[in-house]
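Okay, structure first, notes after.
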2 protein chains.
Amino acid sequence: VTEPLYNVDGELVPASEATVNVRDRGFMYGDAAFETTRVYDRTPFEWNAHADRLRRTAATLGFADAVPPVAELYERTADTLEANDLADAYVKVSVTRGVQPGKLTPDSEVDPTVVVFVSELPRGGVMGERAWDDLARLQTVETRRPADCALPSGAKTHNYLNGILARLELRGTEADEAIMLGPDGHLTEGATSNLFFVVDDVLHTPTEELPLLSGVTRDVVLELADEHAIPVNVGRYEPPLLEEATEVFVTNSTWEIRPVQEVDGREYGRGPVTNELARRFNERVEELYDS
Amino acid sequence: VTEPLYNVDGELVPASEATVNVRDRGFMYGDAAFETTRVYDRTPFEWNAHADRLRRTAATLGFADAVPPVAELYERTADTLEANDLADAYVKVSVTRGVQPGKLTPDSEVDPTVVVFVSELPRGGVMGERAWDDLARLQTVETRRPADCALPSGAKTHNYLNGILARLELRGTEADEAIMLGPDGHLTEGATSNLFFVVDDVLHTPTEELPLLSGVTRDVVLELADEHAIPVNVGRYEPPLLEEATEVFVTNSTWEIRPVQEVDGREYGRGPVTNELARRFNERVEELYDS
C-alpha cells in the first residue's frame, strides 16, 4: 500500500510527512477556514460555491486577502487528485492564519498555511454508489449551536468542538448524526449535515437566520426543489414538528442526500420527495461524467 | 541565535521541526485541551491546579484517560525548560485527541499528541518585572461568550476563535483586551483574562455560573482577598456597574494581576485594592525563589 500524498503549501508530501508547525494558529487556536468538496470524475462539484464560502469564512476571520487565488487552489486540488490517481473523491482545503509572532491577537501580516487533503469515494451520479452504508439515525442532543454573536455559524472553521460534543452524546446509542437546537430551541442542523423533512407534502428546512451552516448541498437541494415544483418551506421549527414528518433526510457534500430512518427512536420510511430529489441530484452529478 | 526546543510526544525538537500531522484532530478540529502555566525559578506555579484543569478539559472532551500522568507531564515540562536553559518562563502544554480513522465522531481509542512549548518571561515575585509593558486598555465588544450548552466554558481547548473574533474587534483602537458579555448580557471575561473591579471598596468578579473560564490566577486572587480580609462579591453584573468602579484589573497566568487604565474610553487609576493584591501575589511568588 502506497501512502496517499497531501499538498501542504503547494508541495506534494506523503501523508505521514504532511505536517504543520505546532505554532501554526490553525493548530493552536483552530484559526483556519476550510471546505470539503466532492469530486466526481476529477471535477470538484460546485467548486465556485465552495471557493466563495472559503473566502467568506476567511473574511469573517479577518484574513481573506491571504487566501490564495481560486485558480491556484483549483490547481493544487487537481494536482493532488492526479498525484493520487483519484477520479472520485472528496477534497478538504484548509487555509490557516499560519505562524505569527505574539499571542492570541492576530497580526494583519498573514503567511497562510494551505493544506489540500484528498480521499477516495465511490463513483457518484446515476450510475454511482452511495458514500454512506446505511440510512441515517438521528438523535436530538443537549449540545446546542452557539449563537451567531459568539461564533458566526456561516463560517466553516477548524473550531469544530461544538459538533464533536454533539456527536459524543451519541456514544452508546445507534444514532450516527446529532441534531442540535439553536439558542432558542429551534431545530437547526446536524453536526456535519443540514436537515430536511416533509410535512403535508411540503419540504421543510430550518432557515439560515438561525445559527446553522448552510451547506452547498442544501443550496443545490433547494434549487432542485424549485426547478421541479416541490413546495418548500424554509423557517423556524420547534422539535415537535419533526414528529409529524413523513420523510426526513440530511445533506452534506459527502453524503449528498442521505435518507433518515430514525429520529429519537421514531421510524421513518424513505418517501417520494426524498426519492425524487435524490434522483434529480444524481442526474445533476451524472452530467459531470458525460462532459 | 539558537532555536528554542519544544517537546513533541516526549522528544525535544527544534521549534522549526516541531510539528503535528495535518490529520491530527488538534489541527483539523481544535480537538485538544491545553494549559498555560507560569514558571518561576524553574517551578511551575500552581502546577496541580493546571494539571487538574487539563484533565477536566480532556474529560469534557471524552479523552481524559489519554492524558499522560501528571508526573510525566511535569517531567516533560522540566526537561523542556532545562533544554532551553529557562528559569522564568511560561509553558503551554497541549494534549490532542491525535490522529484517528474516520471523520468527526471521535473514536474511543486515543493515541494523543502531547506538545510542550516554552518561552522566556522576566523574573517574577517581589524582585521581579512585569510580563506586560503597559496597563491594560479594555473595550467591550459585540462578540459574546458562547452559552455553556454550546461550548462548555470551563474547558480550555484549542477552539479559540471566540476570543480571536473578540480581539479582532479591537483593530484600529488602542484597546488590547476585549471584554465579552454572556448570552444574557452580563459581564463575563476578557479573551484571555478574568475581570475584577472595585465598587464601594468591594472587589467584584463575575461568577463562574456565567460562561467564563475561571483562571488559576483568578482563584489565587480570590484566595488572597479572603486571607487578607478584602471584601469580595462574586456575581452577575450588567455593564453599567463597571462605570461605577474605582479600580479595574484583569488576571491570567502570564499577566498575573494587570491593572486597567481604560475601559471603553473611561480612565481608571491604579488603586489600593489592586496594589495590595499585586503585592500579596508577588509575595506568594517570591516564596518559590526562596525555596
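Identifiers for the C-alpha cells are assigned positionally: chains receive A, B, ... in sequence, residues are indexed from 1 per chain, and ligands are indexed from 1 in the order shown.
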Run DSSP on the backbone and give me the residues of range 132-244 of chain A it puts in alpha helix (DSSP H), as a VMD selection string.
chain A and resid 161 to 168 216 to 227 239 to 243
Shell of 8 Å around Gly271 in chain A, only C-alpha atoms, local chain residues under 4 positions omitted, as a list in words
Thr246, Glu247 and Asn275 of chain A
Please provide the set of residues having any atom within 10 Å of Asp88 in chain B, restricted to only C-alpha atoms, with same-chain residues fewer than 5 positions apart removed, written as JSON, numbers by chain.
{"B": [38, 39, 40, 41, 42, 43, 44, 81, 118, 119, 120, 121, 122, 123, 124]}
What does the distance from CA of Ala78 in chain A to CA of Val20 in chain A come to in Å, to one decimal?
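Answer for the CA of Ala78 in chain A to CA of Val20 in chain A separation: 21.5 Å.
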From the DSSP assignment of the backbone, select every residue of range 44-285 of chain B that is strand (DSSP E or B), and format the answer as a ChimeraX atom specification.
/B:44,89-96,99,113-120,136-140,157,177-181,187-190,194-199,202-206,232-235,247-252,256-263,266-267
So what do you get for CA of Leu222 in chain B versus CA of Leu277 in chain B, distance-wise?
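Going from CA of Leu222 in chain B over to CA of Leu277 in chain B covers 9.5 Å.
For the residues A:Leu54, A:His158, A:Ala245, A:His186, ranking by smallest atom-to-atom distance to Thr37 in chain A using only C-alpha atoms places A:Leu54 first.
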For Asp9 in chain B, work out the shell of residues within 10 Å, counting only C-alpha atoms and skipping chain neighbours fewer than 6 positions away, then give it as a PyMOL selection string.
chain B and resi 20+76+95+112-116
If we count only C-alpha atoms, what is near Glu267 in chain B at a cut-off of 10 Å, once residues fewer than 2 positions away on the same chain are taken out, given as a ChimeraX atom specification?
/B:137,243,246-248,260-265,269
Just to be explicit: take each residue in the selection above, keep C-alpha atoms, and write the result as an mmCIF file, in the first residue's frame.
data_model
loop_
_atom_site.group_PDB
_atom_site.id
_atom_site.type_symbol
_atom_site.label_atom_id
_atom_site.label_comp_id
_atom_site.auth_asym_id
_atom_site.auth_seq_id
_atom_site.Cartn_x
_atom_site.Cartn_y
_atom_site.Cartn_z
ATOM 1 C CA ARG B 137 -6.960 49.085 27.937
ATOM 2 C CA GLU B 243 -18.807 52.516 35.161
ATOM 3 C CA THR B 246 -12.839 52.929 41.104
ATOM 4 C CA GLU B 247 -10.297 50.241 40.136
ATOM 5 C CA VAL B 248 -10.265 47.574 37.437
ATOM 6 C CA VAL B 260 -6.532 48.516 33.778
ATOM 7 C CA GLN B 261 -6.222 52.166 32.848
ATOM 8 C CA GLU B 262 -9.128 52.427 30.447
ATOM 9 C CA VAL B 263 -12.456 50.718 29.765
ATOM 10 C CA ASP B 264 -14.467 51.914 26.748
ATOM 11 C CA GLY B 265 -12.674 55.248 26.898
ATOM 12 C CA GLY B 269 -6.405 54.935 38.326
#
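Excluding Asp219 in chain A itself and same-chain residues fewer than 4 positions from it, the residues having an atom within 12 Å of it are Glu46, Ala49, His50, Asn194, Leu195, Phe196, Thr205, Thr207, Glu208, Leu213, Ser214, Gly215, Glu223, Leu224, Ala225, Asp226, Val234, Thr251, Asn252, Ser253, Glu256, Ile257 and Phe281 of chain A, counting only C-alpha atoms.
Across A:Asp290, A:Glu174, A:Thr57, A:Phe27, the tightest approach to Thr96 in chain B is made by A:Phe27 when counting only C-alpha atoms.
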If we count only C-alpha atoms, what is near Ala66 in chain B at a cut-off of 8 Å, once residues fewer than 4 positions away on the same chain are taken out, given as a tab-separated table (two decimals) with all heavy atoms, in the first residue's frame?
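Below is the file result_10.tsv, written as the result:
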chain	number	residue	atom	x	y	z
B	97	ARG	N	-6.50	14.87	20.69
B	97	ARG	CA	-7.04	13.51	20.52
B	97	ARG	C	-6.25	12.73	19.47
B	97	ARG	O	-6.54	11.56	19.20
B	97	ARG	CB	-8.52	13.55	20.17
B	97	ARG	CG	-9.29	12.31	20.64
B	97	ARG	CD	-10.74	12.28	20.15
B	97	ARG	NE	-11.50	13.46	20.43
B	97	ARG	CZ	-12.38	13.59	21.44
B	97	ARG	NH1	-12.61	12.57	22.24
B	97	ARG	NH2	-13.03	14.72	21.62
B	110	VAL	N	-7.63	6.36	21.82
B	110	VAL	CA	-6.94	7.63	21.61
B	110	VAL	C	-5.44	7.48	21.80
B	110	VAL	O	-4.97	6.98	22.81
B	110	VAL	CB	-7.48	8.71	22.59
B	110	VAL	CG1	-6.73	10.03	22.41
B	110	VAL	CG2	-8.98	8.90	22.41
B	111	ASP	N	-4.70	7.87	20.77
B	111	ASP	CA	-3.25	7.96	20.87
B	111	ASP	C	-2.94	9.47	20.81
B	111	ASP	O	-2.84	10.04	19.73
B	111	ASP	CB	-2.60	7.22	19.70
B	111	ASP	CG	-1.09	7.31	19.74
B	111	ASP	OD1	-0.54	7.72	20.78
B	111	ASP	OD2	-0.45	6.98	18.72
B	112	PRO	N	-2.84	10.10	21.98
B	112	PRO	CA	-2.81	11.57	21.99
B	112	PRO	C	-1.50	12.13	21.43
B	112	PRO	O	-0.48	11.43	21.39
B	112	PRO	CB	-2.91	11.89	23.48
B	112	PRO	CG	-2.24	10.74	24.15
B	112	PRO	CD	-2.62	9.53	23.32
With only C-alpha atoms as the basis for distance, which of B:Val67, B:Ala87, B:Ala150, B:Val99 is at the shortest distance from chain A?
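Distance minimum relative to chain A lands on B:Ala150.
Nearest residue to chain B among A:Ala147, A:Val250, A:Ala71, A:Leu187 is A:Ala147, counting only C-alpha atoms.
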Name the closest residue to Leu210 in chain A among the candidates A:Leu5, A:Val126, A:Met180, A:Ala18; distances are taken between atoms, counting only C-alpha atoms.
A:Met180
Residue with the minimum atom-to-atom distance to Ala89 in chain B, picked from B:Thr2, B:Thr192, B:Thr254, B:Thr143 with only C-alpha atoms counted, is B:Thr254
